[in-house]
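One structure is given here, and the rest of the page talks about it.
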Amino acid sequence: MKQDIRKLTDVQLKDWFSQHGEQGFRAKQVHEWLWKKSALSFEQMTNLSVPMRDLLNTNFEIRPLTIDQEQRSNDGTIKSSFRLFDGNLVEGVLIPSLRTDDTDRMTACVSSQVGCSLTCKFCATGYMDRKRNLDAAEIYDQVVTIDRQAKENYNVPLSNIVYMGMGEPLLNYKNVLESVDRITSPDGLGMSPKRITVSTAGIAKMIRQLGDDAVKFNLALSLHAANDLKRDQIMPINESNTLEVLGDALSYFYKKTGTRITFEYILFYNFNDTMQDAQELWKFTKRVPAKINIIEYNPIAEANFKNTDSQTLEKFAGFLDSKGVMVNVRRSRGKDIDAACGQLAGKK
């Protein structure tokens, strides 16, 4: 099998050209085609000679993902099922803003793993087995493809990226950070890291590593309960990454990066929507500068959770607001095509 050229480091690519009697600038040209121009074949690399393109084609391959299926929601959201080179499927979503004062906001929600190993009880992906991690190029390709969809359908390029699709990004740490580098580098897509948010279910060790690596992107924690007993029930990862441990890791991350944390909180009916829950959440947010996104629950066939009622939601959010917490209520998008938060599962 030919080697995937996008898995070579820049140094390895330069060494390969040197071994074949070519100067180092050839590696830079190929790098630009791969990561800035998003070339999907060597034939597109027209500033290389035909013999050089043939040599590359003999030794290497490019493994782009393809759109297996595309669905459009009544609200303008577009969900794509992406087929990978080995036949596996992942899903990604284009989410256009519905606000009339923010029509240039186009968000890509991308996946980082085929399936997931964390078994969160409210998430469709959590009921799948984790088959493998995505490599950096497969994450990069999702962004490029969704950016093209934004331009073709809305005449607007992507403005934001969220790693909130299938999988736990921090359990695919190396490839996720490499993909961010390819997306944000001036030699890549040149997007601002402040336009990127990586969401985790709470891997404390890796949150600390993000701090040590001084990442520039935003971090979101899927919290959903601010006491260990309740969080254990819906997110088994909490048993080994308790709220106390997570709080310490988040404080460390903030100290190292100065980046405010986003807490994601789904209000489940008669589970985590009481005023006591709101008080516990408020106390937890005092550990580190943060904002809270209250998220609408999106039903899945595998679970019996229900959305809280609007009156309870308003009271819950109002309490947090009265305490000076920055809180936003996020309405679901793409629910009619199973594209909303927690519904991605790579199914037909």
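Chain labels follow the order of the structure tokens: the first chain is A, the next B, and so on; residue numbering restarts at 1 in every chain, and ligands are counted from 1 in their shown order.
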
List every residue of region 69-156 of chain A that has an atom at most 10 Å from any atom of region 23-44 of chain A, giving for each one its closest atom pair and the distance in Å to one decimal, counting only C-alpha atoms, sorted by chain and then by ascending residue number, as a tab-separated table.
residue	atom	partner	partner_atom	distance
A:Ala137	CA	A:Trp35	CA	8.9
A:Tyr140	CA	A:Trp35	CA	8.6
A:Asp141	CA	A:Ser38	CA	8.1
A:Val144	CA	A:Ser38	CA	7.5
A:Thr145	CA	A:Ser38	CA	9.8

Mind checking which residues fall within 12 Å of Tyr163 (chain A), counting only C-alpha atoms, ignoring those fewer than 3 positions away in the same chain, and posting them as a PyMOL selection string? chain A and resi 91-93+107-113+139-140+142-143+160+166-170+172-173+176-177+179-180+195-201+217-222+341

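Neighbours of Ser80 (chain A) closer than or equal to 9 Å, with only C-alpha atoms counted and sequence neighbours fewer than 5 positions away skipped, come out as Ile67, Asp68, Gln69, Glu70, Gln71, Arg72, Val90, Glu91, Gly92, Val93, Leu94, Ile146 and Ala339 of chain A.
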
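Counting only C-alpha atoms and comparing A:Phe17, A:Phe305, A:Tyr265, A:Tyr252, the residue that lies closest to Ile207 (chain A) is A:Tyr252.
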
Interatomic distance (Å, one decimal) between CA of Leu250 (chain A) and CA of Ser322 (chain A): 23.8 Å

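For region 197-348 of chain A, backbone-based DSSP labels the following residues as strand (DSSP E): Thr197, Val198, Ser199, Thr200, Asn218, Leu219, Ala220, Leu221, Ser222, Ile261, Thr262, Phe263, Glu264, Tyr265, Ile266, Ala290, Lys291, Ile292, Asn293, Ile294, Ile295, Met326, Val327, Asn328, Val329 and Arg330 of chain A.
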
Would you output that residue set with C-alpha atoms, as a PDB file, in the first residue's frame?
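And here is the file that came out, result-v1.pdb:
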ATOM      1  CA  THR A 197     -13.496  25.443  20.375  1.00  0.00           C
ATOM      2  CA  VAL A 198     -12.526  21.949  21.515  1.00  0.00           C
ATOM      3  CA  SER A 199     -15.119  20.260  23.702  1.00  0.00           C
ATOM      4  CA  THR A 200     -14.275  17.528  26.199  1.00  0.00           C
ATOM      5  CA  ASN A 218     -11.095  27.765  23.341  1.00  0.00           C
ATOM      6  CA  LEU A 219     -11.985  24.912  25.689  1.00  0.00           C
ATOM      7  CA  ALA A 220     -15.486  23.718  26.530  1.00  0.00           C
ATOM      8  CA  LEU A 221     -16.390  21.182  29.208  1.00  0.00           C
ATOM      9  CA  SER A 222     -19.514  19.041  28.852  1.00  0.00           C
ATOM     10  CA  ILE A 261     -13.773  28.061  30.033  1.00  0.00           C
ATOM     11  CA  THR A 262     -17.210  27.335  28.585  1.00  0.00           C
ATOM     12  CA  PHE A 263     -19.407  24.945  30.558  1.00  0.00           C
ATOM     13  CA  GLU A 264     -22.017  23.094  28.529  1.00  0.00           C
ATOM     14  CA  TYR A 265     -25.058  22.116  30.537  1.00  0.00           C
ATOM     15  CA  ILE A 266     -28.070  20.167  29.245  1.00  0.00           C
ATOM     16  CA  ALA A 290     -16.279  30.718  32.841  1.00  0.00           C
ATOM     17  CA  LYS A 291     -19.458  31.152  30.892  1.00  0.00           C
ATOM     18  CA  ILE A 292     -22.329  28.675  30.720  1.00  0.00           C
ATOM     19  CA  ASN A 293     -24.178  27.465  27.660  1.00  0.00           C
ATOM     20  CA  ILE A 294     -27.501  25.890  28.625  1.00  0.00           C
ATOM     21  CA  ILE A 295     -28.267  23.424  25.864  1.00  0.00           C
ATOM     22  CA  MET A 326     -22.500  34.827  31.885  1.00  0.00           C
ATOM     23  CA  VAL A 327     -25.170  32.424  30.654  1.00  0.00           C
ATOM     24  CA  ASN A 328     -26.554  31.716  27.182  1.00  0.00           C
ATOM     25  CA  VAL A 329     -29.459  29.468  26.263  1.00  0.00           C
ATOM     26  CA  ARG A 330     -28.628  27.565  23.082  1.00  0.00           C
TER      27      ARG A 330
END

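Distances here use only C-alpha atoms; by that measure, the residue among A:Tyr127, A:Tyr297, A:Phe82, A:Trp282 closest to Ala317 (chain A) is A:Trp282.
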
Per DSSP on the backbone, what are the alpha helix (DSSP H) residues of region 167-268 of chain A, as a PyMOL selection string? chain A and resi 173-184+204-212+228-234+243-257

Neighbouring residues of Leu229 (chain A) were defined as those with any atom within 10 Å, considering only C-alpha atoms; residues of the same chain fewer than 5 positions away were excluded. Please report them as JSON, numbers by chain. {"A": [234, 238, 239, 242]}

Can you tell me, as an MDAnalysis selection string, what residues are no more than 12 Å from Ser192 (chain A) when counting only C-alpha atoms, ignoring any on the same chain fewer than 6 positions away? chainID A and resid 158:161 180:186 216:218

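CA of Ile203 (chain A) to CA of Asp277 (chain A) spans 22.4 Å [interatomic distance, one decimal].
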
Which one is closest to Gln149 (chain A): A:Met128, A:Met106, A:Leu134, A:Val162? Count only C-alpha atoms. A:Met106

Please provide as a ChimeraX atom specification all residues within 8 Å of Gly126 (chain A), with the sequence filter that same-chain residues fewer than 5 positions apart are discarded (counting only C-alpha atoms). /A:115-121

For those residues, write C-alpha atoms to a file as a JSON list (two decimals), in the first residue's frame.
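Listing of again-v2.json after writing:
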[["chain", "number", "residue", "atom", "x", "y", "z"],
["A", 115, "GLY", "CA", -17.44, 6.19, 17.48],
["A", 116, "CYS", "CA", -16.59, 6.91, 21.12],
["A", 117, "SER", "CA", -15.43, 5.01, 24.19],
["A", 118, "LEU", "CA", -16.97, 7.22, 26.88],
["A", 119, "THR", "CA", -20.59, 5.90, 26.94],
["A", 120, "CYS", "CA", -22.31, 9.13, 28.01],
["A", 121, "LYS", "CA", -25.93, 8.09, 28.52]]

Which polymer residues have any atom within 10 Å of an atom of Lys7 (chain A), counting only C-alpha atoms, with same-chain residues fewer than 3 positions away left out, as a PyMOL selection string? chain A and resi 3-4+10+12-13+62+135-137

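Among the candidate residues A:Asp309, A:Pro96, A:Lys205, A:Glu138, the one lying nearest to Asn155 (chain A) is A:Pro96, with distances computed using only C-alpha atoms.
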